[in-house]
$ cat data_20.txt   # compact mmCIF, C-alpha atoms and all ligand atoms
# COMPACT_ATOMS: atom_id res chain seq x y z
CA MET A 1 72.68 78.94 79.28
CA ARG A 2 73.91 82.41 78.44
CA PHE A 3 71.31 85.16 78.74
CA VAL A 4 71.45 88.56 77.05
CA SER A 5 69.28 91.57 76.37
CA PHE A 6 69.30 93.16 72.93
CA THR A 7 67.77 95.71 70.61
CA THR A 8 67.25 95.45 66.85
CA PRO A 9 67.66 98.19 64.22
CA GLY A 10 64.71 100.57 64.30
CA ASP A 11 63.43 99.18 67.60
CA SER A 12 65.02 100.59 70.75
CA ARG A 13 62.96 98.30 73.01
CA GLU A 14 65.25 95.95 74.95
CA ARG A 15 64.30 92.30 74.65
CA PRO A 16 65.64 89.26 76.50
CA GLY A 17 67.27 86.35 74.72
CA ILE A 18 69.49 83.29 74.92
CA LEU A 19 72.91 83.53 73.33
CA GLU A 20 73.61 80.62 70.97
CA ALA A 21 76.62 79.77 68.83
CA ASP A 22 75.43 81.71 65.78
CA GLY A 23 72.87 84.12 67.14
CA VAL A 24 70.25 84.96 69.69
CA ARG A 25 66.99 83.18 70.42
CA SER A 26 64.52 85.67 71.85
CA ILE A 27 62.66 84.95 75.08
CA ARG A 28 58.96 85.76 75.09
CA CYS A 29 59.01 88.00 78.17
CA GLU A 30 58.98 91.77 78.53
CA SER A 31 62.47 91.80 80.04
CA LEU A 32 65.14 89.46 81.36
CA ARG A 33 64.19 90.59 84.87
CA ALA A 34 60.61 89.44 84.24
CA TYR A 35 61.93 86.09 82.97
CA VAL A 36 64.18 85.65 86.02
CA ALA A 37 61.19 86.35 88.26
CA LEU A 38 59.22 83.45 86.72
CA ASP A 39 59.04 80.17 88.58
CA PRO A 40 61.86 78.03 87.08
CA SER A 41 59.27 75.52 85.82
CA ALA A 42 57.57 78.29 83.81
CA ARG A 43 60.75 79.53 82.11
CA PRO A 44 61.23 76.92 79.32
CA ALA A 45 57.86 77.75 77.74
CA ARG A 46 59.11 81.31 77.13
CA GLU A 47 62.39 80.31 75.48
CA SER A 48 61.13 79.51 71.99
CA GLY A 49 61.11 82.98 70.45
CA GLU A 50 62.48 84.04 67.08
CA ARG A 51 66.08 83.37 65.98
CA LEU A 52 68.20 86.39 65.09
CA GLY A 53 71.74 86.49 63.74
CA LEU A 54 74.38 88.24 65.83
CA ASP A 55 74.72 90.89 63.11
CA ALA A 56 71.00 91.67 63.44
CA VAL A 57 71.09 92.59 67.14
CA GLU A 58 72.83 95.00 69.45
CA ILE A 59 73.64 93.46 72.83
CA THR A 60 72.71 95.75 75.76
CA ALA A 61 73.05 95.49 79.55
CA PRO A 62 71.74 91.98 80.30
CA ILE A 63 69.52 93.03 83.19
CA ARG A 64 68.17 96.25 84.69
CA PRO A 65 67.55 95.69 88.39
CA SER A 66 64.44 97.29 89.91
CA ARG A 67 66.52 98.88 92.65
CA ASN A 68 70.09 99.66 93.62
CA VAL A 69 72.92 97.30 92.77
CA PHE A 70 74.30 95.85 96.02
CA CYS A 71 78.09 96.05 96.29
CA VAL A 72 80.78 94.89 98.69
CA GLY A 73 83.85 96.92 99.55
CA ARG A 74 87.21 95.32 100.37
CA ASN A 75 86.40 91.69 99.66
CA TYR A 76 89.84 90.63 98.37
CA LEU A 77 92.71 90.70 100.89
CA GLU A 78 95.30 92.17 98.49
CA HIS A 79 92.89 94.97 97.53
CA ALA A 80 92.16 95.70 101.20
CA LYS A 81 95.93 95.92 101.76
CA GLU A 82 96.60 98.24 98.81
CA GLY A 83 93.69 100.49 99.85
CA ALA A 84 95.03 100.82 103.41
CA ARG A 85 98.53 101.49 102.07
CA ALA A 86 97.32 104.18 99.65
CA ALA A 87 95.25 105.87 102.37
CA GLY A 88 98.08 105.66 104.90
CA ARG A 89 96.02 103.78 107.47
CA GLU A 90 96.38 100.48 109.25
CA LEU A 91 94.84 97.41 107.61
CA LYS A 92 91.81 96.34 109.61
CA LEU A 93 89.67 93.59 108.12
CA PRO A 94 85.92 93.79 108.73
CA GLU A 95 84.08 90.96 110.50
CA VAL A 96 81.06 91.34 108.23
CA PRO A 97 80.92 92.47 104.59
CA THR A 98 80.88 96.25 103.98
CA PHE A 99 77.80 96.78 101.81
CA PHE A 100 77.06 99.88 99.75
CA THR A 101 74.95 100.44 96.65
CA LYS A 102 74.98 101.97 93.16
CA THR A 103 71.85 103.41 91.55
CA PRO A 104 70.19 101.40 88.74
CA SER A 105 70.57 104.50 86.54
CA ALA A 106 74.34 103.84 86.60
CA ILE A 107 73.92 100.63 84.60
CA ALA A 108 75.65 100.63 81.18
CA GLY A 109 75.85 97.92 78.57
CA PRO A 110 78.72 95.96 77.03
CA ASP A 111 80.57 97.91 74.33
CA ALA A 112 78.74 101.08 75.41
CA THR A 113 80.75 104.28 75.62
CA VAL A 114 80.92 105.40 79.24
CA ARG A 115 80.47 109.19 79.34
CA PHE A 116 81.99 111.07 82.26
CA SER A 117 82.56 114.78 82.91
CA SER A 118 85.88 116.35 83.88
CA HIS A 119 83.87 118.94 85.86
CA VAL A 120 82.63 116.22 88.21
CA SER A 121 85.82 114.25 88.91
CA ASN A 122 89.49 114.03 87.96
CA GLU A 123 89.92 110.55 89.43
CA TYR A 124 87.82 108.02 87.53
CA ASP A 125 88.93 104.51 88.46
CA PHE A 126 88.10 100.91 87.49
CA GLU A 127 87.17 97.81 89.54
CA ALA A 128 86.67 94.38 87.92
CA GLU A 129 84.03 92.38 89.79
CA LEU A 130 82.05 89.17 89.53
CA ALA A 131 78.34 90.02 89.85
CA VAL A 132 75.69 87.63 91.15
CA VAL A 133 72.10 87.80 89.84
CA ILE A 134 69.49 86.62 92.35
CA GLY A 135 66.85 84.27 90.92
CA THR A 136 64.47 83.70 93.82
CA ARG A 137 62.69 85.92 96.33
CA CYS A 138 64.43 85.10 99.59
CA LYS A 139 65.17 86.25 103.14
CA ASP A 140 67.37 84.92 105.96
CA VAL A 141 69.13 82.55 103.57
CA ARG A 142 71.53 80.12 105.24
CA GLU A 143 74.99 79.89 103.73
CA ARG A 144 74.45 76.28 102.77
CA ASP A 145 71.25 77.21 100.88
CA ALA A 146 72.66 80.29 99.14
CA ALA A 147 73.52 78.58 95.85
CA GLY A 148 69.81 77.79 95.42
CA VAL A 149 68.81 81.46 95.17
CA VAL A 150 71.35 82.38 92.47
CA PHE A 151 70.18 82.72 88.86
CA GLY A 152 73.56 83.38 87.32
CA PHE A 153 76.71 85.47 87.04
CA THR A 154 78.02 88.34 84.96
CA CYS A 155 80.97 90.75 84.75
CA LEU A 156 80.65 94.19 86.35
CA ASN A 157 82.94 97.22 86.36
CA ASP A 158 82.43 99.22 89.58
CA LEU A 159 83.63 102.51 88.07
CA THR A 160 84.38 104.97 90.84
CA ALA A 161 85.11 108.69 91.13
CA ARG A 162 87.74 108.45 93.91
CA ASP A 163 87.75 112.16 94.79
CA LEU A 164 83.97 112.09 95.29
CA GLN A 165 84.21 108.81 97.22
CA ARG A 166 86.65 110.50 99.63
CA ALA A 167 84.84 113.85 99.85
CA HIS A 168 81.45 112.35 100.66
CA LEU A 169 82.84 110.00 103.37
CA GLN A 170 80.40 107.24 102.37
CA TRP A 171 80.69 105.73 98.92
CA PHE A 172 77.30 106.22 97.30
CA LYS A 173 77.92 109.46 95.38
CA GLY A 174 81.32 108.51 94.02
CA LYS A 175 80.00 105.18 92.79
CA SER A 176 76.61 106.12 91.32
CA LEU A 177 77.41 108.50 88.47
CA ASP A 178 75.64 107.81 85.17
CA ASP A 179 77.33 104.97 83.23
CA SER A 180 79.44 103.96 86.24
CA CYS A 181 78.09 100.41 86.39
CA PRO A 182 78.74 98.55 83.11
CA ILE A 183 77.54 94.92 83.24
CA GLY A 184 77.60 92.04 80.77
CA PRO A 185 78.11 90.88 78.13
CA CYS A 186 75.79 88.05 79.26
CA ILE A 187 74.49 86.36 82.39
CA VAL A 188 75.75 82.78 82.59
CA SER A 189 73.39 80.46 84.45
CA ALA A 190 74.63 79.07 87.77
CA ASP A 191 74.57 75.48 86.48
CA GLU A 192 76.79 76.39 83.54
CA ILE A 193 79.35 78.40 85.54
CA GLY A 194 80.12 75.53 87.91
CA ASN A 195 82.25 76.64 90.88
CA ALA A 196 81.90 80.43 91.01
CA GLN A 197 84.64 80.56 93.67
CA ALA A 198 87.30 79.36 91.25
CA LEU A 199 87.14 81.80 88.32
CA GLU A 200 90.05 83.78 86.90
CA ILE A 201 89.22 87.50 86.97
CA ALA A 202 91.21 90.19 85.18
CA LEU A 203 90.99 93.80 84.09
CA ARG A 204 92.84 95.23 81.10
CA LEU A 205 93.33 98.93 80.41
CA ASN A 206 94.15 99.59 76.76
CA GLY A 207 95.28 95.96 76.53
CA ALA A 208 97.60 96.07 79.59
CA THR A 209 96.64 93.79 82.50
CA MET A 210 95.96 95.90 85.61
CA GLN A 211 94.10 93.42 87.81
CA LYS A 212 94.57 89.66 87.82
CA SER A 213 93.21 87.34 90.50
CA ASN A 214 90.82 84.50 91.15
CA THR A 215 87.40 84.52 92.83
CA SER A 216 88.84 81.97 95.28
CA GLN A 217 90.57 84.96 96.91
CA MET A 218 87.35 86.56 98.23
CA ILE A 219 87.41 87.28 101.98
CA PHE A 220 83.65 86.67 102.21
CA PRO A 221 82.58 84.05 99.65
CA ILE A 222 79.35 84.47 97.71
CA ALA A 223 77.31 82.23 100.04
CA ARG A 224 78.35 84.35 103.03
CA LEU A 225 77.53 87.58 101.16
CA ILE A 226 74.03 86.32 100.37
CA ALA A 227 73.52 85.11 103.95
CA GLU A 228 74.60 88.46 105.42
CA LEU A 229 72.73 90.63 102.91
CA SER A 230 69.49 88.64 103.23
CA LYS A 231 69.46 88.78 107.05
CA GLY A 232 66.17 90.49 107.81
CA MET A 233 66.10 91.93 104.27
CA THR A 234 64.22 90.37 101.36
CA LEU A 235 66.16 89.89 98.13
CA GLU A 236 64.22 89.97 94.87
CA PRO A 237 64.68 88.15 91.57
CA GLY A 238 66.88 90.30 89.37
CA ASP A 239 68.78 91.86 92.27
CA VAL A 240 72.47 92.23 91.43
CA ILE A 241 75.28 91.81 93.98
CA ALA A 242 78.79 92.96 93.00
CA THR A 243 81.21 90.83 95.00
CA GLY A 244 84.21 93.16 95.32
CA THR A 245 87.37 93.82 93.35
CA PRO A 246 90.90 92.38 93.50
CA ASP A 247 94.07 94.44 93.84
CA GLY A 248 95.52 96.55 91.03
CA VAL A 249 93.01 99.43 90.95
CA GLY A 250 94.24 102.82 89.74
CA PHE A 251 94.20 104.89 92.94
CA ALA A 252 96.41 102.43 94.83
CA ARG A 253 99.16 102.45 92.16
CA THR A 254 102.42 104.38 92.47
CA PRO A 255 101.85 106.87 90.99
CA PRO A 256 98.04 106.63 90.89
CA GLN A 257 96.67 105.86 87.43
CA PHE A 258 93.20 107.16 86.63
CA LEU A 259 91.11 106.80 83.48
CA HIS A 260 91.55 109.13 80.51
CA ASP A 261 89.36 110.08 77.56
CA GLY A 262 89.59 107.33 74.94
CA ASP A 263 90.72 104.55 77.29
CA VAL A 264 89.34 101.05 76.69
CA VAL A 265 88.63 98.99 79.83
CA GLU A 266 87.98 95.24 79.74
CA VAL A 267 86.71 93.08 82.59
CA ASP A 268 87.46 89.44 81.72
CA ILE A 269 86.04 86.62 83.86
CA GLU A 270 86.59 82.96 83.10
CA GLY A 271 83.45 81.25 81.83
CA ILE A 272 81.57 84.52 81.27
CA GLY A 273 83.47 86.61 78.72
CA VAL A 274 84.77 90.13 78.26
CA LEU A 275 82.92 93.29 79.28
CA ARG A 276 84.52 96.03 77.16
CA ASN A 277 83.82 99.77 77.45
CA ARG A 278 85.37 102.87 75.97
CA ILE A 279 85.71 105.82 78.33
CA ALA A 280 84.78 109.29 77.09
CA ILE A 281 85.63 112.20 79.41
CA ALA A 282 84.49 115.63 78.26
MG MG B 1 83.85 97.69 94.07
$ encode --input "data_20.txt" --output "C-alpha cells" --more "lines below"
Ligand code: MG
Amino acid sequence: MRFVSFTTPGDSRERPGILEADGVRSIRCESLRAYVALDPSARPARESGERLGLDAVEITAPIRPSRNVFCVGRNYLEHAKEGARAAGRELKLPEVPTFFTKTPSAIAGPDATVRFSSHVSNEYDFEAELAVVIGTRCKDVRERDAAGVVFGFTCLNDLTARDLQRAHLQWFKGKSLDDSCPIGPCIVSADEIGNAQALEIALRLNGATMQKSNTSQMIFPIARLIAELSKGMTLEPGDVIATGTPDGVGFARTPPQFLHDGDVVEVDIEGIGVLRNRIAIA
C-alpha cells in the first residue's frame, strides 16, 4: 500500500490516507504516525474512511516523526570518495555507520517550496536518500530480524548548508534548517517495495541528472543500520532513518554547484515515486 498525508481546502488539519489509482481513501486516525503505531492487526479497521479525488486534496509530508530524523553520513562508497577528494583528505571508511540527526521541524512536504535565506548560507546542497520508516517499537534488533520492524519506505532530500556543516564541525546545524528535510510523496509499505536493497535512486536538478545509483551500493545495508542504531537505544514507530546519499552532490563537483533561487530538485526512487521541491532563496 501507498500511504500519504493530506489536507483539504478550508481545512489545514493533516489527515492520513491510502493512495489509490484515482484518489485517496482516508484513514480514521489522527495522523499517519498514530496509524503506524497501531498493532498491525488493528490497522485494517481504520482504513475504511471517505474517498476523495486527487483534485480534492493537497498531499503533504507523509509522516511527522515525534523526534529527530536519524541520518547516516557516507553510506555509498562513491560518495565517500568524492567527499574525501573535495575535502583534500584521505579516504577512510568507518567501521560503524556515522549517525547524525535532523530536527523534525526541518520536515517539508512534496511539491512544497523550500525557503532558505542567503544570509544564513551560500552553499545549499542536495542529497537524494532512501528513508526507512520504523513500524514497531524495538531495541537491540538483530540484522536478520530488522526487516520485521520496518513499516515502509519513502524518498528524502537531505538538504545541507555546506558552509555551516563545515563551520560547526559536527553536522547538526548545517542539516537542520527549516525546510531542509523534504520527504514523500508517499510511504510505500515494506511488502510492496520488495527488495529495498535493489532500487534505482536518482536526483535531478532542473531536469538534469546529478545523482544516479542503486541502493545495492550502500556500505551499510538497511538491516545493519537498524541493528547498529537500535543497540541499547529504543526505536519508536514513526521514526525515520535516512540511509545516506550516492555520489554526485553539489559540493564535490568541479566546480562546486550549489542550489539557486528557483531551482527545482527531484529525488526519484524506483517503486516510490518523485519527491519534487522548488527552492526559494531570499
Ligand atoms: Mg545525507
$ residues_near_ligand --input "data_20.txt" --ligand "ligand MG 1 (chain B)" --cutoff "9 Å" --atoms "only C-alpha atoms and all ligand atoms" --output "ChimeraX atom specification"
/A:71-75,126-129,157-160,175,242-246
$ closest_atom_pairs --input "data_20.txt" --of "stretch 34-150 of chain A" --to "stretch 250-262 of chain A" --cutoff "7 Å" --atoms "all atoms listed in the file" --output "CSV"
residue,atom,partner,partner_atom,distance
A:Glu82,CA,A:Ala252,CA,5.8
A:Gly83,CA,A:Ala252,CA,6.0
A:Ala86,CA,A:Ala252,CA,5.2
A:Glu123,CA,A:Phe258,CA,5.5
A:Tyr124,CA,A:Leu259,CA,5.4
A:Asp125,CA,A:Phe258,CA,5.3
A:Phe126,CA,A:Gly250,CA,6.8
$ write_last_selection --input "data_20.txt" --atoms "C-alpha atoms" --output "short mmCIF file (atom, residue, chain, number, x, y, z; two decimals), in the coordinates of the input"
data_model
loop_
_atom_site.label_atom_id
_atom_site.label_comp_id
_atom_site.auth_asym_id
_atom_site.auth_seq_id
_atom_site.Cartn_x
_atom_site.Cartn_y
_atom_site.Cartn_z
CA GLU A 82 96.60 98.24 98.81
CA GLY A 83 93.69 100.49 99.85
CA ALA A 86 97.32 104.18 99.65
CA GLU A 123 89.92 110.55 89.43
CA TYR A 124 87.82 108.02 87.53
CA ASP A 125 88.93 104.51 88.46
CA PHE A 126 88.10 100.91 87.49
#
$ closest_residue --input "data_20.txt" --among "A:Gly271, A:Leu225, A:Lys231, A:Val4" --to "A:Gly194" --atoms "only C-alpha atoms"
A:Gly271
$ atom_distance --input "data_20.txt" --atom1 "atom CA of A:Asp247" --atom2 "atom CA of A:Ser230"
26.9 Å
$ closest_residue --input "data_20.txt" --among "A:Ala42, A:Ala87, A:Val132, A:Ala21" --to "A:Gly238" --atoms "all atoms listed in the file"
A:Val132
$ closest_residue --input "data_20.txt" --among "A:Pro40, A:Ile201, A:Arg166, A:Asp239" --to "A:Ser213" --atoms "all atoms listed in the file"
A:Ile201
$ closest_residue --input "data_20.txt" --among "A:Gly273, A:Pro97, A:Gly248, A:Gly232" --to "A:Phe220" --atoms "all atoms listed in the file"
A:Pro97
$ axis_aligned_box --input "data_20.txt" --around "stretch 155-166 of chain A" --padding-each-side "6 Å" --output "JSON"
{"center_x": 84.2, "center_y": 101.5, "center_z": 92.2, "size_x": 19.1, "size_y": 33.4, "size_z": 26.9}
$ closest_residue --input "data_20.txt" --among "A:Ser117, A:Ala227, A:Asp39, A:Gly53" --to "A:Asp22" --atoms "only C-alpha atoms"
A:Gly53
$ closest_residue --input "data_20.txt" --among "A:Arg51, A:Arg67, A:Arg46, A:Lys139" --to "A:Gly23" --atoms "only C-alpha atoms"
A:Arg51
$ atom_distance --input "data_20.txt" --atom1 "atom CA of A:Glu30" --atom2 "atom CA of A:Ile63"
11.6 Å
$ build_atoms --input "data_20.txt" --residues "stretch 241-255 of chain A" --atoms "N, CA and C atoms" --output "compact mmCIF listing (two decimals), in the frame of the given file"
# COMPACT_ATOMS: atom_id res chain seq x y z
N ILE A 241 74.30 91.62 92.90
CA ILE A 241 75.28 91.81 93.98
C ILE A 241 76.68 91.78 93.36
N ALA A 242 77.39 92.89 93.45
CA ALA A 242 78.79 92.96 93.00
C ALA A 242 79.67 92.51 94.16
N THR A 243 80.56 91.56 93.90
CA THR A 243 81.21 90.83 95.00
C THR A 243 82.59 91.36 95.39
N GLY A 244 82.94 92.56 94.92
CA GLY A 244 84.21 93.16 95.32
C GLY A 244 85.29 92.98 94.26
N THR A 245 86.34 93.79 94.39
CA THR A 245 87.37 93.82 93.35
C THR A 245 88.73 93.38 93.91
N PRO A 246 89.54 92.74 93.08
CA PRO A 246 90.90 92.38 93.50
C PRO A 246 91.83 93.58 93.49
N ASP A 247 93.09 93.36 93.82
CA ASP A 247 94.07 94.44 93.84
C ASP A 247 94.44 94.86 92.41
N GLY A 248 95.08 96.03 92.32
CA GLY A 248 95.52 96.55 91.03
C GLY A 248 94.75 97.76 90.55
N VAL A 249 93.81 98.27 91.38
CA VAL A 249 93.01 99.43 90.95
C VAL A 249 93.92 100.67 90.83
N GLY A 250 93.41 101.67 90.10
CA GLY A 250 94.24 102.82 89.74
C GLY A 250 94.71 103.67 90.90
N PHE A 251 93.83 103.93 91.88
CA PHE A 251 94.20 104.89 92.94
C PHE A 251 95.30 104.36 93.84
N ALA A 252 95.44 103.02 93.92
CA ALA A 252 96.41 102.43 94.83
C ALA A 252 97.77 102.22 94.16
N ARG A 253 97.89 102.62 92.88
CA ARG A 253 99.16 102.45 92.16
C ARG A 253 100.12 103.59 92.49
N THR A 254 101.39 103.35 92.25
CA THR A 254 102.42 104.38 92.47
C THR A 254 103.08 104.70 91.14
N PRO A 255 102.85 105.89 90.56
CA PRO A 255 101.85 106.87 90.99
C PRO A 255 100.45 106.38 90.64
